[in-house]
Structures are given as C-alpha cells and as structure tokens.
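What follows is the content of final.cif (mmCIF, C-alpha atoms and all ligand atoms).
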```cif
data_work
loop_
_atom_site.label_atom_id
_atom_site.label_comp_id
_atom_site.auth_asym_id
_atom_site.auth_seq_id
_atom_site.Cartn_x
_atom_site.Cartn_y
_atom_site.Cartn_z
CA MET A 141 -27.74 79.12 -32.72
CA GLU A 142 -24.33 79.55 -31.14
CA THR A 143 -21.24 81.28 -32.49
CA LEU A 144 -17.60 80.37 -32.03
CA HIS A 145 -14.75 82.51 -33.29
CA ILE A 146 -11.38 81.51 -34.66
CA ASN A 147 -8.83 84.24 -34.12
CA ILE A 148 -6.16 84.11 -36.75
CA PRO A 149 -2.61 84.93 -35.63
CA SER A 150 -1.47 86.19 -39.07
CA ALA A 151 -4.47 88.52 -39.40
CA PRO A 152 -5.33 89.64 -35.86
CA ALA A 153 -8.10 92.00 -37.00
CA GLU A 154 -9.97 89.15 -38.64
CA SER A 155 -11.93 86.48 -36.90
CA CYS A 156 -13.85 83.71 -38.64
CA PRO A 157 -17.29 83.15 -37.07
CA ILE A 158 -18.53 79.56 -36.88
CA PHE A 159 -22.32 79.39 -36.51
CA ILE A 160 -23.58 76.11 -35.03
CA GLY A 161 -27.14 74.90 -34.57
CA CYS A 162 -29.94 72.87 -36.10
CA GLY A 163 -32.07 74.38 -38.89
CA ILE A 164 -30.04 77.60 -38.91
CA PHE A 165 -29.35 78.45 -42.60
CA GLY A 166 -31.68 81.47 -42.51
CA GLU A 167 -30.59 82.81 -39.14
CA ALA A 168 -26.88 82.41 -39.88
CA ALA A 169 -27.08 83.99 -43.34
CA ALA A 170 -29.06 86.92 -41.91
CA GLY A 171 -26.25 87.52 -39.42
CA LEU A 172 -23.62 88.00 -42.15
CA PRO A 173 -23.03 91.08 -44.37
CA LEU A 174 -23.85 89.12 -47.56
CA ASP A 175 -25.50 92.14 -49.28
CA ARG A 176 -22.08 93.58 -50.00
CA TYR A 177 -21.20 90.85 -52.51
CA SER A 178 -21.71 91.49 -56.22
CA SER A 179 -22.50 87.81 -56.94
CA ILE A 180 -22.83 84.61 -54.94
CA ALA A 181 -22.17 81.02 -56.06
CA VAL A 182 -23.18 77.84 -54.28
CA ILE A 183 -20.76 75.02 -55.06
CA THR A 184 -22.09 71.61 -54.14
CA ASP A 185 -21.82 67.97 -55.18
CA GLY A 186 -24.34 65.81 -57.02
CA ASN A 187 -25.50 64.05 -53.83
CA VAL A 188 -25.97 67.12 -51.66
CA GLN A 189 -27.46 69.40 -54.35
CA PRO A 190 -30.94 67.80 -54.44
CA LEU A 191 -31.05 67.57 -50.64
CA TRP A 192 -29.90 70.96 -49.36
CA ALA A 193 -29.06 73.45 -52.14
CA GLU A 194 -32.55 75.02 -52.42
CA GLN A 195 -32.69 75.56 -48.68
CA LEU A 196 -29.32 77.31 -48.60
CA LYS A 197 -30.07 79.38 -51.70
CA GLY A 198 -33.38 80.46 -50.13
CA ALA A 199 -31.45 81.83 -47.14
CA LEU A 200 -29.16 84.04 -49.28
CA PRO A 201 -30.01 87.69 -50.00
CA ARG A 202 -29.75 87.32 -53.82
CA PRO A 203 -30.21 84.52 -56.38
CA ALA A 204 -27.09 82.36 -56.38
CA VAL A 205 -25.36 80.66 -59.29
CA GLU A 206 -25.25 76.92 -58.63
CA ILE A 207 -22.13 74.96 -59.57
CA VAL A 208 -22.54 71.19 -59.17
CA ILE A 209 -19.50 68.92 -59.18
CA PRO A 210 -19.57 65.10 -59.23
CA ALA A 211 -19.59 63.56 -55.72
CA GLY A 212 -16.59 61.59 -54.48
CA GLU A 213 -12.89 62.03 -53.75
CA ARG A 214 -12.02 61.57 -57.45
CA SER A 215 -13.46 65.01 -58.04
CA LYS A 216 -10.88 66.59 -55.75
CA SER A 217 -8.65 67.37 -58.69
CA ILE A 218 -7.23 70.37 -60.48
CA GLN A 219 -9.57 69.54 -63.42
CA THR A 220 -12.60 70.15 -61.20
CA VAL A 221 -11.08 73.40 -59.96
CA THR A 222 -10.60 74.45 -63.60
CA GLN A 223 -14.30 73.79 -64.24
CA VAL A 224 -15.24 75.87 -61.22
CA TRP A 225 -13.00 78.75 -62.37
CA ARG A 226 -14.63 78.56 -65.83
CA SER A 227 -18.14 78.61 -64.34
CA LEU A 228 -17.27 81.62 -62.17
CA MET A 229 -15.77 83.41 -65.19
CA ALA A 230 -18.76 82.57 -67.41
CA ALA A 231 -21.13 83.95 -64.76
CA GLY A 232 -19.11 87.19 -64.61
CA PHE A 233 -17.83 86.78 -61.05
CA ASP A 234 -15.51 89.64 -60.03
CA ARG A 235 -13.29 90.21 -57.01
CA HIS A 236 -16.26 91.22 -54.87
CA SER A 237 -18.03 87.86 -55.24
CA LEU A 238 -18.65 85.15 -52.69
CA VAL A 239 -18.47 81.37 -53.01
CA CYS A 240 -20.47 79.16 -50.59
CA ASN A 241 -19.26 75.57 -50.39
CA LEU A 242 -22.17 73.31 -49.49
CA GLY A 243 -21.16 69.70 -48.90
CA GLY A 244 -18.59 67.43 -47.33
CA GLY A 245 -14.85 67.99 -47.02
CA MET A 246 -14.28 67.31 -50.72
CA THR A 247 -16.57 70.16 -51.76
CA GLY A 248 -15.12 72.48 -49.11
CA ASP A 249 -11.57 71.77 -50.26
CA ILE A 250 -12.39 72.21 -53.98
CA GLY A 251 -14.56 75.29 -53.56
CA GLY A 252 -12.20 76.84 -51.02
CA PHE A 253 -9.17 76.28 -53.25
CA ALA A 254 -10.98 77.57 -56.35
CA ALA A 255 -12.06 80.70 -54.43
CA SER A 256 -8.67 81.27 -52.81
CA THR A 257 -7.01 81.35 -56.25
CA TYR A 258 -9.68 82.89 -58.53
CA MET A 259 -8.62 86.50 -59.27
CA ARG A 260 -5.91 86.06 -56.62
CA GLY A 261 -8.53 85.15 -54.06
CA ILE A 262 -12.20 85.92 -53.46
CA ASP A 263 -14.20 85.41 -50.27
CA PHE A 264 -15.70 82.05 -49.50
CA MET A 265 -17.89 80.54 -46.83
CA GLN A 266 -17.98 76.89 -45.72
CA VAL A 267 -21.36 75.20 -45.23
CA PRO A 268 -20.29 71.67 -44.25
CA THR A 269 -22.86 68.87 -44.45
CA SER A 270 -20.85 65.81 -43.34
CA LEU A 271 -19.80 65.34 -39.72
CA LEU A 272 -16.14 65.13 -40.77
CA ALA A 273 -16.40 68.46 -42.57
CA GLN A 274 -18.33 70.06 -39.67
CA VAL A 275 -15.79 69.22 -36.97
CA ASP A 276 -12.61 69.19 -39.01
CA ALA A 277 -12.33 70.06 -42.72
CA SER A 278 -14.27 73.36 -42.58
CA VAL A 279 -12.34 74.69 -39.59
CA GLY A 280 -8.76 75.81 -39.95
CA GLY A 281 -8.40 77.33 -43.38
CA LYS A 282 -6.66 74.52 -45.28
CA VAL A 283 -7.99 74.01 -48.81
CA GLY A 284 -6.58 72.10 -51.76
CA VAL A 285 -6.68 69.24 -54.22
CA ASN A 286 -5.10 65.83 -54.73
CA PHE A 287 -2.43 65.79 -57.44
CA ALA A 288 -0.38 63.01 -59.08
CA GLU A 289 -2.00 60.41 -56.78
CA VAL A 290 -0.90 62.36 -53.70
CA LYS A 291 -3.62 63.57 -51.34
CA ASN A 292 -3.80 67.32 -50.78
CA LEU A 293 -0.48 67.91 -52.58
CA VAL A 294 -1.54 71.32 -53.96
CA GLY A 295 -3.37 73.82 -51.81
CA THR A 296 -3.44 77.05 -49.87
CA PHE A 297 -4.08 78.32 -46.37
CA GLN A 298 -7.06 80.67 -46.58
CA GLN A 299 -9.60 81.26 -43.84
CA PRO A 300 -13.27 81.30 -44.87
CA LYS A 301 -15.30 84.43 -44.10
CA ALA A 302 -17.68 82.25 -42.07
CA VAL A 303 -18.63 78.65 -41.40
CA ILE A 304 -22.29 77.64 -41.08
CA ILE A 305 -22.69 74.26 -39.38
CA ASP A 306 -26.27 73.09 -39.56
CA ALA A 307 -26.62 69.72 -37.80
CA ALA A 308 -29.98 69.20 -39.57
CA THR A 309 -28.02 68.33 -42.73
CA LEU A 310 -26.73 65.18 -40.97
CA GLU A 311 -30.24 63.70 -41.25
CA THR A 312 -29.47 62.70 -44.83
CA LEU A 313 -25.83 61.68 -44.34
CA PRO A 314 -25.34 57.91 -44.86
CA GLU A 315 -24.69 56.14 -41.53
CA ARG A 316 -21.25 54.86 -42.56
CA GLU A 317 -20.17 58.44 -43.35
CA LEU A 318 -21.61 59.68 -40.03
CA ARG A 319 -19.73 57.01 -38.04
CA ALA A 320 -16.50 57.78 -39.93
CA GLY A 321 -16.99 61.44 -38.94
CA PHE A 322 -16.97 60.38 -35.31
CA ALA A 323 -13.33 59.34 -35.77
CA ASP A 324 -12.46 63.03 -35.90
CA VAL A 325 -14.67 63.84 -32.92
CA ILE A 326 -12.88 61.08 -30.98
CA LYS A 327 -9.50 62.31 -32.25
CA HIS A 328 -10.08 65.86 -31.01
CA ALA A 329 -11.28 64.61 -27.62
CA ALA A 330 -8.35 62.17 -27.28
CA ASN A 331 -5.98 65.04 -28.06
CA ARG A 332 -7.31 67.69 -25.76
CA ASP A 333 -10.33 66.83 -23.66
CA ARG A 334 -10.57 63.70 -21.57
CA LYS A 335 -14.01 64.67 -20.18
CA HIS A 336 -15.43 64.96 -23.69
CA LEU A 337 -13.99 61.55 -24.50
CA GLU A 338 -15.76 60.08 -21.46
CA GLU A 339 -19.03 61.66 -22.67
CA LEU A 340 -18.54 59.97 -26.03
CA ALA A 341 -17.90 56.67 -24.26
CA ALA A 342 -21.15 56.92 -22.31
CA ARG A 343 -23.48 56.79 -25.30
CA ASP A 344 -23.50 56.00 -29.02
CA TYR A 345 -24.09 59.52 -30.30
CA ALA A 346 -24.06 58.23 -33.88
CA ALA A 347 -27.56 56.90 -33.15
CA ALA A 348 -28.80 60.21 -31.68
CA ALA A 349 -30.98 62.81 -33.43
CA PRO A 350 -29.00 65.55 -35.25
CA ARG A 351 -30.21 68.19 -32.75
CA GLU A 352 -28.55 66.24 -29.93
CA LEU A 353 -25.24 66.39 -31.78
CA VAL A 354 -25.01 70.18 -31.61
CA PRO A 355 -23.07 70.25 -28.28
CA ILE A 356 -20.79 67.44 -29.49
CA ILE A 357 -20.03 69.30 -32.73
CA ARG A 358 -19.54 72.56 -30.84
CA ARG A 359 -16.98 71.03 -28.44
CA SER A 360 -15.13 69.31 -31.25
CA CYS A 361 -14.96 72.48 -33.34
CA GLN A 362 -13.84 74.46 -30.32
CA ILE A 363 -10.94 72.07 -29.80
CA LYS A 364 -9.89 72.38 -33.46
CA ALA A 365 -10.40 76.16 -33.44
CA ASP A 366 -8.24 76.56 -30.32
CA VAL A 367 -5.45 74.53 -31.87
CA VAL A 368 -5.66 76.44 -35.16
CA ALA A 369 -5.71 79.79 -33.39
CA ALA A 370 -2.58 78.79 -31.48
CA ALA A 371 -0.77 77.53 -34.58
CA GLU A 372 -2.28 78.63 -37.89
CA LYS A 373 0.16 76.67 -40.04
CA GLU A 374 1.45 73.11 -39.77
CA GLN A 375 3.98 73.89 -37.04
CA GLY A 376 4.00 73.29 -33.36
CA LEU A 377 0.71 72.51 -31.70
CA ARG A 378 -1.15 72.00 -34.99
CA LYS A 379 0.73 68.72 -35.36
CA ILE A 380 -1.49 67.17 -32.69
CA LEU A 381 -4.26 67.18 -35.29
CA ASN A 382 -2.23 64.55 -37.14
CA PHE A 383 -2.94 62.03 -34.37
CA GLY A 384 -3.80 58.78 -36.16
CA HIS A 385 -2.85 60.18 -39.57
CA THR A 386 0.60 58.61 -39.96
CA VAL A 387 -0.72 55.06 -40.21
CA GLY A 388 -4.19 56.24 -41.29
CA HIS A 389 -2.97 57.75 -44.59
CA ALA A 390 -0.87 54.68 -45.37
CA VAL A 391 -3.76 52.27 -44.79
CA GLU A 392 -6.19 54.52 -46.65
CA MET A 393 -3.93 54.49 -49.74
CA ASP A 394 -3.59 50.71 -49.53
CA SER A 395 -7.34 50.24 -49.21
CA TYR A 396 -7.74 51.71 -52.72
CA VAL A 397 -5.15 49.29 -54.12
CA HIS A 398 -7.11 46.41 -52.53
CA GLY A 399 -10.37 47.63 -54.05
CA GLU A 400 -11.91 47.99 -50.57
CA PRO A 401 -11.71 51.72 -50.01
CA LEU A 402 -11.78 52.81 -46.40
CA LEU A 403 -13.34 56.15 -45.55
CA HIS A 404 -10.83 58.67 -44.21
CA GLY A 405 -12.25 58.45 -40.68
CA GLU A 406 -12.10 54.66 -40.74
CA ALA A 407 -8.42 54.78 -41.70
CA VAL A 408 -7.75 57.40 -39.01
CA ALA A 409 -9.41 55.09 -36.45
CA LEU A 410 -6.85 52.41 -37.32
CA GLY A 411 -4.11 55.02 -37.10
CA MET A 412 -5.35 56.15 -33.69
CA ARG A 413 -5.27 52.58 -32.46
CA ILE A 414 -1.60 52.29 -33.50
CA ALA A 415 -0.68 55.70 -32.07
CA ALA A 416 -2.36 54.71 -28.78
CA GLY A 417 -0.57 51.34 -28.88
CA LEU A 418 2.80 53.06 -29.36
CA SER A 419 1.99 55.50 -26.56
CA ALA A 420 1.18 52.59 -24.22
CA ARG A 421 4.30 50.60 -25.20
CA LEU A 422 6.46 53.65 -24.54
CA GLY A 423 4.87 54.07 -21.11
CA TYR A 424 3.14 57.38 -21.91
CA LEU A 425 -0.40 55.99 -21.84
CA PRO A 426 -1.69 53.72 -19.05
CA ASP A 427 -3.07 50.42 -20.36
CA GLY A 428 -6.58 51.20 -19.04
CA GLU A 429 -6.67 54.45 -21.03
CA HIS A 430 -5.43 52.68 -24.15
CA ASP A 431 -8.18 50.09 -23.77
CA LEU A 432 -10.84 52.77 -23.23
CA LEU A 433 -9.87 54.49 -26.48
CA VAL A 434 -10.05 51.20 -28.41
CA GLU A 435 -13.47 50.49 -26.82
CA ILE A 436 -14.77 53.90 -27.90
CA LEU A 437 -13.62 53.29 -31.49
CA GLU A 438 -15.46 49.96 -31.45
CA ARG A 439 -18.57 51.49 -29.90
CA TYR A 440 -18.80 53.91 -32.83
CA GLY A 441 -18.50 51.02 -35.28
CA LEU A 442 -15.04 52.11 -36.44
CA PRO A 443 -12.50 49.49 -37.58
CA THR A 444 -9.75 48.50 -35.17
CA ARG A 445 -8.26 45.92 -37.55
CA VAL A 446 -7.48 46.37 -41.25
CA PRO A 447 -10.32 44.61 -43.10
CA PHE A 448 -8.08 43.33 -45.95
CA PRO A 449 -4.73 41.49 -46.06
CA ILE A 450 -1.79 43.86 -45.75
CA GLU A 451 1.85 43.51 -44.67
CA ALA A 452 3.51 45.68 -42.05
CA ASP A 453 6.20 46.48 -44.67
CA ASP A 454 3.60 48.01 -47.02
CA ILE A 455 2.42 50.32 -44.28
CA MET A 456 5.97 51.19 -43.23
CA SER A 457 7.11 52.12 -46.74
CA LYS A 458 4.04 54.33 -47.26
CA ILE A 459 4.66 56.05 -43.93
CA THR A 460 8.19 57.05 -44.93
CA SER A 461 6.95 58.61 -48.20
CA ASP A 462 4.24 60.73 -46.48
CA LYS A 463 4.54 64.43 -47.38
CA LYS A 464 4.37 65.50 -43.73
CA ASN A 465 7.78 63.96 -43.01
CA GLN A 466 10.69 66.32 -42.72
CA GLY A 467 13.94 65.23 -44.34
CA GLY A 468 12.75 61.62 -44.46
CA SER A 469 12.30 61.32 -40.70
CA VAL A 470 8.91 60.33 -39.36
CA LYS A 471 7.72 62.18 -36.28
CA TRP A 472 4.69 60.88 -34.44
CA THR A 473 1.85 62.43 -32.52
CA LEU A 474 1.14 60.27 -29.48
CA LEU A 475 -0.79 60.51 -26.22
CA ALA A 476 0.70 61.25 -22.83
CA GLY A 477 -2.65 60.27 -21.28
CA LEU A 478 -6.14 60.64 -22.71
CA GLY A 479 -6.82 64.29 -23.56
CA SER A 480 -3.15 65.11 -23.75
CA ALA A 481 -1.39 64.77 -27.11
CA ILE A 482 2.34 65.14 -27.59
CA PHE A 483 4.16 65.53 -30.91
CA ASP A 484 7.51 65.15 -32.68
CA ILE A 485 8.17 61.74 -31.14
CA ARG A 486 10.50 59.38 -32.99
CA ILE A 487 9.76 55.68 -32.92
CA GLU A 488 12.11 52.71 -33.33
CA GLU A 489 11.29 50.57 -36.35
CA ASN A 490 10.97 47.40 -34.25
CA LEU A 491 8.48 48.97 -31.90
CA LEU A 492 6.38 50.14 -34.83
CA ARG A 493 6.48 46.71 -36.44
CA GLU A 494 5.37 45.06 -33.18
CA THR A 495 2.54 47.54 -32.70
CA LEU A 496 1.33 47.30 -36.30
CA ALA A 497 0.67 43.59 -35.65
CA GLU A 498 -2.28 44.75 -33.48
CA ILE A 499 -4.26 45.90 -36.53
CA LEU A 500 -3.21 43.29 -39.11
N1 LIG A 601 -9.19 70.99 -45.34
C1 LIG A 601 -9.01 70.27 -44.26
O1 LIG A 601 -8.50 70.75 -43.24
C2 LIG A 601 -9.46 68.86 -44.25
C3 LIG A 601 -9.47 68.13 -43.05
C4 LIG A 601 -9.94 66.82 -43.07
C5 LIG A 601 -10.38 66.27 -44.27
N2 LIG A 601 -10.34 67.01 -45.42
C6 LIG A 601 -10.80 66.44 -46.69
O2 LIG A 601 -12.20 66.18 -46.59
C7 LIG A 601 -12.52 65.13 -47.50
C8 LIG A 601 -13.35 64.12 -46.76
O3 LIG A 601 -14.53 64.76 -46.33
P1 LIG A 601 -15.93 64.02 -46.35
O4 LIG A 601 -15.82 62.75 -45.61
O5 LIG A 601 -16.96 65.00 -45.95
O6 LIG A 601 -16.04 63.61 -47.90
P2 LIG A 601 -17.06 64.03 -49.06
O7 LIG A 601 -17.14 65.47 -49.24
O8 LIG A 601 -16.66 63.21 -50.23
O9 LIG A 601 -18.46 63.53 -48.49
C9 LIG A 601 -18.67 62.16 -48.22
C10 LIG A 601 -19.95 61.66 -48.93
O10 LIG A 601 -21.07 62.13 -48.21
C11 LIG A 601 -21.96 62.81 -49.11
N3 LIG A 601 -22.62 63.82 -48.30
C12 LIG A 601 -22.07 64.87 -47.66
N4 LIG A 601 -22.99 65.48 -46.91
C13 LIG A 601 -24.15 64.83 -47.09
C14 LIG A 601 -25.46 64.98 -46.57
N5 LIG A 601 -25.75 65.89 -45.64
N6 LIG A 601 -26.41 64.13 -46.99
C15 LIG A 601 -26.13 63.14 -47.88
N7 LIG A 601 -24.90 62.93 -48.38
C16 LIG A 601 -23.93 63.76 -47.99
C17 LIG A 601 -21.08 63.32 -50.22
O11 LIG A 601 -21.83 63.56 -51.39
C18 LIG A 601 -20.10 62.17 -50.37
O12 LIG A 601 -20.68 61.14 -51.14
C19 LIG A 601 -11.21 64.56 -47.99
O13 LIG A 601 -10.96 65.07 -49.28
C20 LIG A 601 -10.19 65.10 -47.01
O14 LIG A 601 -8.91 65.25 -47.57
C21 LIG A 601 -9.91 68.27 -45.43
#
```

Translate this file's structure into structure tokens.
Ligand SMILES: NC(=O)c1ccc[n+]([C@@H]2O[C@H](COP(=O)([O-])OP(=O)(O)OC[C@H]3O[C@@H](n4cnc5c(N)ncnc54)[C@H](O)[C@@H]3O)[C@@H](O)[C@H]2O)c1
Amino acid sequence: METLHINIPSAPAESCPIFIGCGIFGEAAAGLPLDRYSSIAVITDGNVQPLWAEQLKGALPRPAVEIVIPAGERSKSIQTVTQVWRSLMAAGFDRHSLVCNLGGGMTGDIGGFAASTYMRGIDFMQVPTSLLAQVDASVGGKVGVNFAEVKNLVGTFQQPKAVIIDAATLETLPERELRAGFADVIKHAANRDRKHLEELAARDYAAAAPRELVPIIRRSCQIKADVVAAAEKEQGLRKILNFGHTVGHAVEMDSYVHGEPLLHGEAVALGMRIAAGLSARLGYLPDGEHDLLVEILERYGLPTRVPFPIEADDIMSKITSDKKNQGGSVKWTLLAGLGSAIFDIRIEENLLRETLAEIL
C-alpha cells in the first residue's frame, strides 16, 4: 500500500492521506484513527453494496450503519441527500460521527455533501470504486448535487479525512465504465505529464489486471493532488482540470435529450478532441501531438465522434450557458504541447465552429 498526501492551502495543518493499493481495505482502515468516532455509516449504491460493502464494513473498528441509495446519476439529488440526513438522524449520528462513501463519483458526491452539511459538517472518508472516482472525483474536496437540471449546481468544498483507493474493486466495474474512467487518466496526463501519456499509449491498460493499474492510478491521483494543492478552489491552475469539459458537458447534456446517454468520461473524450483540435489550429500543439492524443482516445475505446446527430449550434448554445463561464465569456483550457495545459484562452466563434465539425 502506498500513501499520497494532499496539502490543503486553506488548512495548512491538515493533510488528506490517499491510500492506494490492491486488497487494502483492512490495512488502510487500520492506519486511521477510526476508534475516535462515536458512530460510522457506510453510504453506498445498490450496485456496489452487494459487491463490496461487507468487505469494507469488516475492515472498520465498529459495526457500521449501512445507507443504500439507488445507483445512477438520477440519485445525485437533494432528495437523496435528505434521505441520507434522515437516516443519519434516525441512527443517532452526532458531530463526532464518520461517513464512509463506498462507490463511484455519484456516491462520493452525495455522501460527501450530506456529511459536509449534516450538523454543520461531520467527517467523511471517500472509498471510490470506479476508476473515474479513484483518479478524479474522490480527490480534491468538491462534493455536491445536481439541481434544476444543472449538474453540480449545489455543493461545497470539503476535504475528506482520507481516501482509500482499492484497485481490487475495479474487478467488478463494467468495462464501459472502466474505459470511460480512462478519459480522466488521459486528461491528467495530457495536462501535466507527457511521459505518463506515452506509457498509456504503449498498452491498453483497460485490459490489464486491477493490480497492474495501481501505478497508473497513483500517477493520475498525484497529478490531480498537485493541482488541487496548488489551487484549492476553482481559480488559477485548477482550471486545467476542465480540459475537455467545455464541449464535454454540452455533448453530455445533449446525449440525454437524444436518449443515448454518454458516460461523463466519453463526453470528456469528445471535449478533449475538440480542445486538442483548437490547440493545434491555434499553433499551440504540433499536429503529431494532436494525432497521438486522438489515437490514445481511440485505443481506450473512447468516442472521438458524437454517436448521434447533433448540430454545432446546439453545442455552442450549451457552452455559453455553462456555469463555469464568467460574465458570459467562455474561457478554454487548451494544450501548449502534450503534458502542458494552458487556461483562460478565448476562442473565435468561427474557429470553434470549424473544429466542432471534427466530431460531428
Ligand atoms: N467531486 C468531483 O470532483 C467530481 C469529479 C468528477 C466527477 N464527479 C461526479 O462523479 C459522477 C460520475 O462518477 P462515476 O462514473 O463513478 O459514476 P457512478 O457513481 O454513477 O458509478 C458508475 C456506475 O458504476 C457502478 N459501480 C461503481 N463502482 C463499481 C464497482 N466497483 N463494481 C460494479 N459497479 C460499480 C455504479 O453503481 C454506477 O452504476 C458524476 O456525478 C460526476 O459529476 C465528481
């Protein structure tokens, strides 16, 4: 088992340990001061509960209350949070309790938000079981819910007390979800680490055994942790994590309208292709590097064209209504070479329209 630390600028005395390994629930839990909590809850979804909840509960120092929420993004709502609050209240949870979120990014966001608001905030721990959650959602301290059809509209910044990343849990993750998780791994590498990107190009790690993914997950988490430590909130450097998100969010929303929902990572892959295309057209990214990134996306079975009919105008209008825009102006995260993201770039409408044609 290995341990990374995220050092939080706003709370310098605190550091969030991230334990990474394969088959490590027991070892990681034993390394944390869990005895001090008055009660512990395990929040999980209906898919993950029968697969991994007993194993996690067996690693905890006291019997845990299990709270099971329905699987799927639809559950990421304030109604589900209300149910979690009620369950915590009914079980007599006080301020000295701990919540462990066992599942993908949806569970981590719901459980983290419920914990960060219950009694003005109780401790929580992330135990991510999807690749996306292991390399992205569980690291960084953002938690929240979708509201009024807007993704992640309501939420808080609250660091977990610890993150336990057990690659063994990926054994049961459906292959499409695993491949979509690689979009984030590729995103982190494209942003900050060209060598890591070349490693990903050399082999289809989505077909490897979970144990072999430990170094890949570790590197990806380290990249995210370094960015978060440098910029805890959404300013400055943290914006590089939005690489691929501008178009990704727009296409993801449209995929629901078309009844062919794309997974988040699949939509981000399309967004990365556009961001790389814009970077190349602006002369920031050599053509060979652009092509390598597209090849890597294809190698991991990620879409590089939108798999349903959509107009460039639809994408463009959704982009302008994205909540990350400031004062109505869209600022892009692009690449000034593989491994080197740049942010706050404005793009001419015509250039965007031309580049969008690559994925339509
Ligand atoms: N907080 C953040 O910083 C952040 C960052 C990125 C994404 N997110 C959020 O994360 C969510 C997406 O995460 P996700 O892709 O993990 O979604 P998810 O939690 O819905 O999980 C995807 C599917 O995989 C199943 N699953 C998870 N682990 C499994 C396992 N080990 N075995 C079998 N099935 C398993 C789940 O039940 C679900 O059906 C979105 O809500 C997104 O907004 C948050």

Problem set entry | Residue nearest ligand LIG 601 (chain A) - candidates A:Gly161, A:Gly245, A:Gly252, A:Gly388, atoms counted: all atoms listed in the file |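 Ranking A:Gly161, A:Gly245, A:Gly252, A:Gly388 by distance to ligand LIG 601 (chain A), first place goes to A:Gly245.
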
Hey, could you make a per-residue contact list for chain A against ligand LIG 601 (chain A) with 6 Å as the cut-off, showing the nearest pair of atoms and its distance in Å to one decimal, counting all atoms listed in the file, sorted by chain and number, as JSON lines?
```
{"residue": "A:Asp185", "atom": "CA", "partner": "A:LIG601", "partner_atom": "O11", "distance": 5.8}
{"residue": "A:Asn187", "atom": "CA", "partner": "A:LIG601", "partner_atom": "O11", "distance": 4.4}
{"residue": "A:Val188", "atom": "CA", "partner": "A:LIG601", "partner_atom": "C16", "distance": 5.4}
{"residue": "A:Ala211", "atom": "CA", "partner": "A:LIG601", "partner_atom": "O11", "distance": 4.9}
{"residue": "A:Gly212", "atom": "CA", "partner": "A:LIG601", "partner_atom": "O8", "distance": 4.5}
{"residue": "A:Glu213", "atom": "CA", "partner": "A:LIG601", "partner_atom": "O8", "distance": 5.3}
{"residue": "A:Gly243", "atom": "CA", "partner": "A:LIG601", "partner_atom": "N4", "distance": 5.0}
{"residue": "A:Gly244", "atom": "CA", "partner": "A:LIG601", "partner_atom": "O7", "distance": 3.1}
{"residue": "A:Gly245", "atom": "CA", "partner": "A:LIG601", "partner_atom": "O2", "distance": 3.2}
{"residue": "A:Met246", "atom": "CA", "partner": "A:LIG601", "partner_atom": "O7", "distance": 3.7}
{"residue": "A:Thr247", "atom": "CA", "partner": "A:LIG601", "partner_atom": "O7", "distance": 5.4}
{"residue": "A:Asp249", "atom": "CA", "partner": "A:LIG601", "partner_atom": "N1", "distance": 5.5}
{"residue": "A:Thr269", "atom": "CA", "partner": "A:LIG601", "partner_atom": "N4", "distance": 4.2}
{"residue": "A:Ser270", "atom": "CA", "partner": "A:LIG601", "partner_atom": "N4", "distance": 4.2}
{"residue": "A:Leu272", "atom": "CA", "partner": "A:LIG601", "partner_atom": "O5", "distance": 5.2}
{"residue": "A:Ala273", "atom": "CA", "partner": "A:LIG601", "partner_atom": "O5", "distance": 4.9}
{"residue": "A:Asp276", "atom": "CA", "partner": "A:LIG601", "partner_atom": "C3", "distance": 5.2}
{"residue": "A:Ala277", "atom": "CA", "partner": "A:LIG601", "partner_atom": "C3", "distance": 3.5}
{"residue": "A:Lys282", "atom": "CA", "partner": "A:LIG601", "partner_atom": "N1", "distance": 4.3}
{"residue": "A:Val283", "atom": "CA", "partner": "A:LIG601", "partner_atom": "N1", "distance": 4.8}
{"residue": "A:Thr309", "atom": "CA", "partner": "A:LIG601", "partner_atom": "N5", "distance": 4.4}
{"residue": "A:Leu310", "atom": "CA", "partner": "A:LIG601", "partner_atom": "N5", "distance": 4.8}
{"residue": "A:Thr312", "atom": "CA", "partner": "A:LIG601", "partner_atom": "N6", "distance": 4.0}
{"residue": "A:Leu313", "atom": "CA", "partner": "A:LIG601", "partner_atom": "N6", "distance": 3.7}
```

Exercise. Quick one: residues within 9 Å of region 225-230 of chain A, only C-alpha atoms counted, chain neighbours fewer than 5 positions away excluded, as number ranges by chain?
Worked result: A: 181, 205, 207, 220, 254-255, 257-258

Exercise. How many Å lie between CA of Lys471 (chain A) and CA of Ala330 (chain A), rounded to one decimal?
Worked result: 18.4 Å

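Remark: for Lys379 (chain A), the closest of the candidate residues A:Gln274, A:Ser360, A:Thr473, A:Ser256 is A:Thr473 (distances computed over only C-alpha atoms).
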
Problem set entry | Within 9 Å of file point (-16.0, 74.4, -41.3), counting all atoms listed in the file, expressed as a PyMOL selection string | chain A and resi 158+245+248+265-268+273-281+300+302-305+361

Problem set entry | Interatomic distance (Å, one decimal) between CA of Glu406 (chain A) and CA of Glu392 (chain A) | 8.4 Å

For this session: Rounded to one decimal place, report the CA of Ser419 (chain A)-CA of Asp344 (chain A) distance in Å.
Result: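 Interatomic distance here is 25.6 Å.
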
Problem set entry | Pick from A:Val408, A:Ile262, A:Ala193, A:Val368 nearest to Asp324 (chain A), counting all atoms listed in the file |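 So, comparing all the options, the nearest one is A:Val408.
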
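All residues of protein, DNA or RNA that reach within 12 Å of Glu352 (chain A), judged by only C-alpha atoms and not counting those fewer than 2 positions away in the chain, are A:Gly161, A:Cys162, A:Ala307, A:Ala308, A:Leu310, A:Glu311, A:Arg343, A:Asp344, A:Tyr345, A:Ala346, A:Ala347, A:Ala348, A:Ala349, A:Pro350, A:Val354, A:Pro355, A:Ile356, A:Ile357, A:Arg358.
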
Exercise. List as a PyMOL selection string: which residues have an atom within 10 Å of (-7.1, 56.0, -46.7), counting only C-alpha atoms?
Worked result: chain A and resi 291+385+387-396+401-408

For this session: Choose the residue, out of A:Val208, A:Ile482, A:Phe233, A:Arg359, that has the smallest atom-to-atom separation from Thr143 (chain A); count only C-alpha atoms.
Result: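 Among the listed residues, the smallest separation from Thr143 (chain A) belongs to A:Arg359.
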
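For the choices A:Ala481, A:Tyr440, A:Asp333, A:Val470, the atom-to-atom distance to Leu381 (chain A) is smallest for A:Ala481 when using all atoms listed in the file.
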
For this session: Could you tell me which of A:Ile250, A:Met456, A:Val367, A:Leu475 comes closest to Arg334 (chain A) if we count all atoms listed in the file?
Result: A:Leu475

For this session: Write out as a list in words each polymer residue whose atoms come within 9 Å of His236 (chain A), counting only C-alpha atoms; drop sequence neighbours fewer than 6 positions from it.
Result: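 My reading of the contact set: Arg176, Tyr177, Ser178, Ser179, Ile262 and Asp263 of chain A.
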